[in-house]
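Participant: Just dropping this structure here.
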Protein chains: 2
Amino acid sequence: MVERLLGGDAAALARLLSHVERGDALGEAAVDRLYADTGRAHIVGITGPPGAGKSTLTNALIGAFRARDRRVGVVAIDPSSPIAGGAALGDRIRMGEWHADPGVFVRSMAARGHPGGLAPAAADAIHLLDAAGFDPILIETVGVGQGEIAVAGASHTVIVVQGPGFGDGVQALKAGLLEIADVLAVNKADQPGAAEVARLLRDELGAFHVGGRTPPVLLVSAIAGDGVEQLAGEIGAHLAHLRDTGGLAERQRQIAGADVLARVDAVLRGRLGGQSGWGGTADELLREVAVRTTSPAAAAAVLLGRLAQ
Amino acid sequence: MVERLLGGDAAALARLLSHVERGDALGEAAVDRLYADTGRAHIVGITGPPGAGKSTLTNALIGAFRARDRRVGVVAIDPSSPIAGGAALGDRIRMGEWHADPGVFVRSMAARGHPGGLAPAAADAIHLLDAAGFDPILIETVGVGQGEIAVAGASHTVIVVQGPGFGDGVQALKAGLLEIADVLAVNKADQPGAAEVARLLRDELGAFHVGGRTPPVLLVSAIAGDGVEQLAGEIGAHLAHLRDTGGLAERQRQIAGADVLARVDAVLRGRLGGQSGWGGTADELLREVAVRTTSPAAAAAVLLGRLAQ
């Protein structure tokens, strides 16, 4: 199946994606074997407040990259509550318009409560699409949620999408989305207020990125298709910028770190729920914390020191 | 300040809480020194879907415990987006009714993006209230969000609050809240549907907890005060059950593990954002993942092995 995926077989890709989604041993073994063949795709995160039109813009970007003869992978991350679980069925349906195009592969995945980074299953899905030759790979957050930081941590280039409205949306952007944006897209540019939002964002960004690269702010209308071509161009320009400045290697290291951390987390959190602990002397350390002979911060310092050994 | 807190000085407690909220060195040192004096409080998590009336029920429970002459601490966790940040100002105001009672101490805290467990600052707030002699300590999740699992992981007893309505709320409960519930409270019992919801929940729980303790399902009306006394009684009964069965030590260990994990996470995530990595050979391992000579799963396995050494 691994050989067939590397040869571009979509059915093998779909089957392996189901295995990584279930988190079973076959999926894990496949990613382990394929991982050396990854690292070629440009990974582009698309995030922003609810209602900004991320899904429509993702669709429009697929079209723009297809027009450039790129094979486009899409992973839609549904940051549904770790409690609710479940994948975004509506999103699978929405993306159905690309079903007949073998140059587009769309997969929706639930985030399933690994909010320190992308769920290992979602990271594995990106690795599989990468190995299968899709480039770029668009990672889109669906709905409201905590997925933004995780998506940013898994991407080379982060597109923050903002609607034309003021109020809560702009507040949310100010509070944290601006910091992660490599490119800003003010969507629904045909609606009143879009130009004003773009102006405000440019002011904010200018204050932020003194001396360095200031993320461009583009007015787009995903539905009308206006500005989408320029956005695709800016996405490519950002990758070129990362290559030129040596920033790409640093992003790769950060992506790797977030990926590994999410896996360590998932295992440790799974063990916390059960009777068994973290294993070996770490268990003894946790028992000391439980009986108050070691403080949580002191125990954390010991474990962090061991990680670095 | 530490001595004054142990002596019951509310001003010292408030000041140290501000230090731990900022995550500064003084707060960390204080918790480290006080930690040996913690572990005496009964920690009670209060969670459930939005609109179930968690805040009103928390207020009613404060009253019930005050009537038993218990000193009650409350930490309200605002699981606001890791991006938005900021504490629940509205909640601070809401809890103002206990302002004049020295036997009640309420603090709202933002979760600030450590969703693997409670934010270290929130865990530290609980430790401070514990050291200051508050018992029980109620941890309440505010609003919608991902805080439920984190709160459950920090509590000896988890109260899941459900409203009288069917639909999404019951779905959400089925999907995961039932597993973490030690006691279920169907709130707004005077409204139609409450008894039916309670009956359905009892059926679900019976199927779930075959052979073990089945969590009681109580009908309560937080506003009218009906059933609140019984709920306070069931909370105490659950602690007695944990003591009798030896389950308390296991919960303490799990709470300690979640606390330590959140701290390890917070440090690692902070380092991922910067130029420096995890330190020592862990950095080398992440570089290997970045350049594709080691897979993320293999690197995670190495680090997990080192934690257990």
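Numbering starts fresh at 1 for the residues of each chain in the structure tokens, the chains themselves are lettered A, B, ... in the order given, and ligands are numbered from 1 as they appear.
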With only C-alpha atoms as the counted atoms, please give the residues lying no more than 6 Å from stretch 154-164 of chain B, apart from itself and same-chain residues fewer than 3 positions off, as a list in words.

Facilitator: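 Listed by chain and then number, they are Ile43, Val44, Gly45, Ile46, Thr47, Gly48, Ala52, Val151, Ala181, Asp182, Val183, Leu184, Ala185, Val186, Asn187, Gly193, Ala194 and Ile255 of chain B.
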
Participant: From the DSSP assignment of the backbone, select every residue of stretch 225-298 of chain A that is helix (DSSP H, G or I), and format the answer as a ChimeraX atom specification.

Facilitator: /A:228-245,247-273,280-290,296-298

Participant: Just the residues within 6 Å of A:Ile77, please, counting only C-alpha atoms, with nothing from its chain fewer than 5 positions along; format it as a VMD selection string.

Facilitator: chain A and resid 109 to 110 140 to 142

Participant: Would you put the residues from that selection into a file with C-alpha atoms, as a PDB file, in the first residue's frame?

Facilitator:
```pdb
ATOM      1  CA  MET A 109     -10.592  15.169  10.317  1.00  0.00           C
ATOM      2  CA  ALA A 110     -11.701  15.735  13.881  1.00  0.00           C
ATOM      3  CA  GLU A 140      -8.153  24.593   7.089  1.00  0.00           C
ATOM      4  CA  THR A 141      -9.758  25.053  10.504  1.00  0.00           C
ATOM      5  CA  VAL A 142     -13.485  24.443  10.466  1.00  0.00           C
TER       6      VAL A 142
END
```

Participant: Which residues are close to A:Gly103, i.e. within 10 Å by only C-alpha atoms, leaving aside same-chain residues fewer than 6 positions away? Reply as a compact mmCIF listing (two decimals) with C-alpha atoms, in the first residue's frame.

Facilitator:
```txt
# COMPACT_ATOMS: atom_id res chain seq x y z
CA ALA A 10 -5.55 7.59 -4.72
CA ILE A 62 -7.75 25.11 -4.79
CA PHE A 65 -3.43 26.28 -7.60
CA ARG A 66 -5.09 23.88 -10.03
CA ASP A 69 -1.10 22.73 -12.49
CA ARG A 70 -0.34 22.04 -8.85
CA ARG A 71 -1.79 18.96 -7.17
CA VAL A 72 -3.60 20.27 -4.09
CA GLY A 73 -4.16 18.41 -0.84
CA GLY A 133 3.04 14.28 -4.07
CA PHE A 134 0.38 16.84 -3.21
CA ASP A 135 1.82 20.36 -3.04
```

Participant: At a cut-off of 12 Å, using only C-alpha atoms, what residues contact B:Gly23? Leave out same-chain residues fewer than 6 positions from it and give the result as number ranges by chain.

Facilitator: A: 297; B: 16-17, 29-31, 112, 119-125, 263, 266-267

Participant: Running DSSP on the backbone, which parts of stretch 1-167 of chain A land in strand (DSSP E), as a PyMOL selection string?

Facilitator: chain A and resi 43-47+72-78+104-110+137-141+157-162

Participant: So what do you get for atom CA of B:Arg292 versus atom CA of A:Glu234, distance-wise?

Facilitator: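 Interatomic distance here is 27.1 Å.
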
Participant: For B:Ala256, work out the shell of residues within 7 Å, counting only C-alpha atoms and skipping chain neighbours fewer than 2 positions away, then give it as an MDAnalysis selection string.

Facilitator: (chainID A and resid 286 289:290 296) or (chainID B and resid 252:254 258:260)

Participant: In Å, rounded to a single decimal, give me how far atom CA of A:Arg251 is from atom CA of A:Leu201.

Facilitator: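 Atom CA of A:Arg251 lies 24.2 Å from atom CA of A:Leu201.
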
Participant: Quick check, in Å to one decimal: how far apart do atom CA of B:Arg22 and atom CA of A:Ala298 lie?

Facilitator: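 Separating atom CA of B:Arg22 from atom CA of A:Ala298 is a distance of 18.6 Å.
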
Participant: Looking at only C-alpha atoms, which of B:Asp203, B:Asp244, B:Asp130, B:Glu179 is the one that sits closest to B:Val75?

Facilitator: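 Looking only at the distances to B:Val75, the closest residue turns out to be B:Asp130.
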
Participant: Which one of A:Ser221, A:Thr38, A:Gln230, A:Ser18 sits closest to chain B if you count only C-alpha atoms?

Facilitator: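 So, comparing all the options, the nearest one is A:Thr38.
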
Participant: Calculated over only C-alpha atoms, which of the candidates B:Ile139, B:Ala249, B:Leu285, B:Ala25 has the smallest distance to B:Ala76?

Facilitator: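 For B:Ala76, the nearest of the given residues is B:Ile139.
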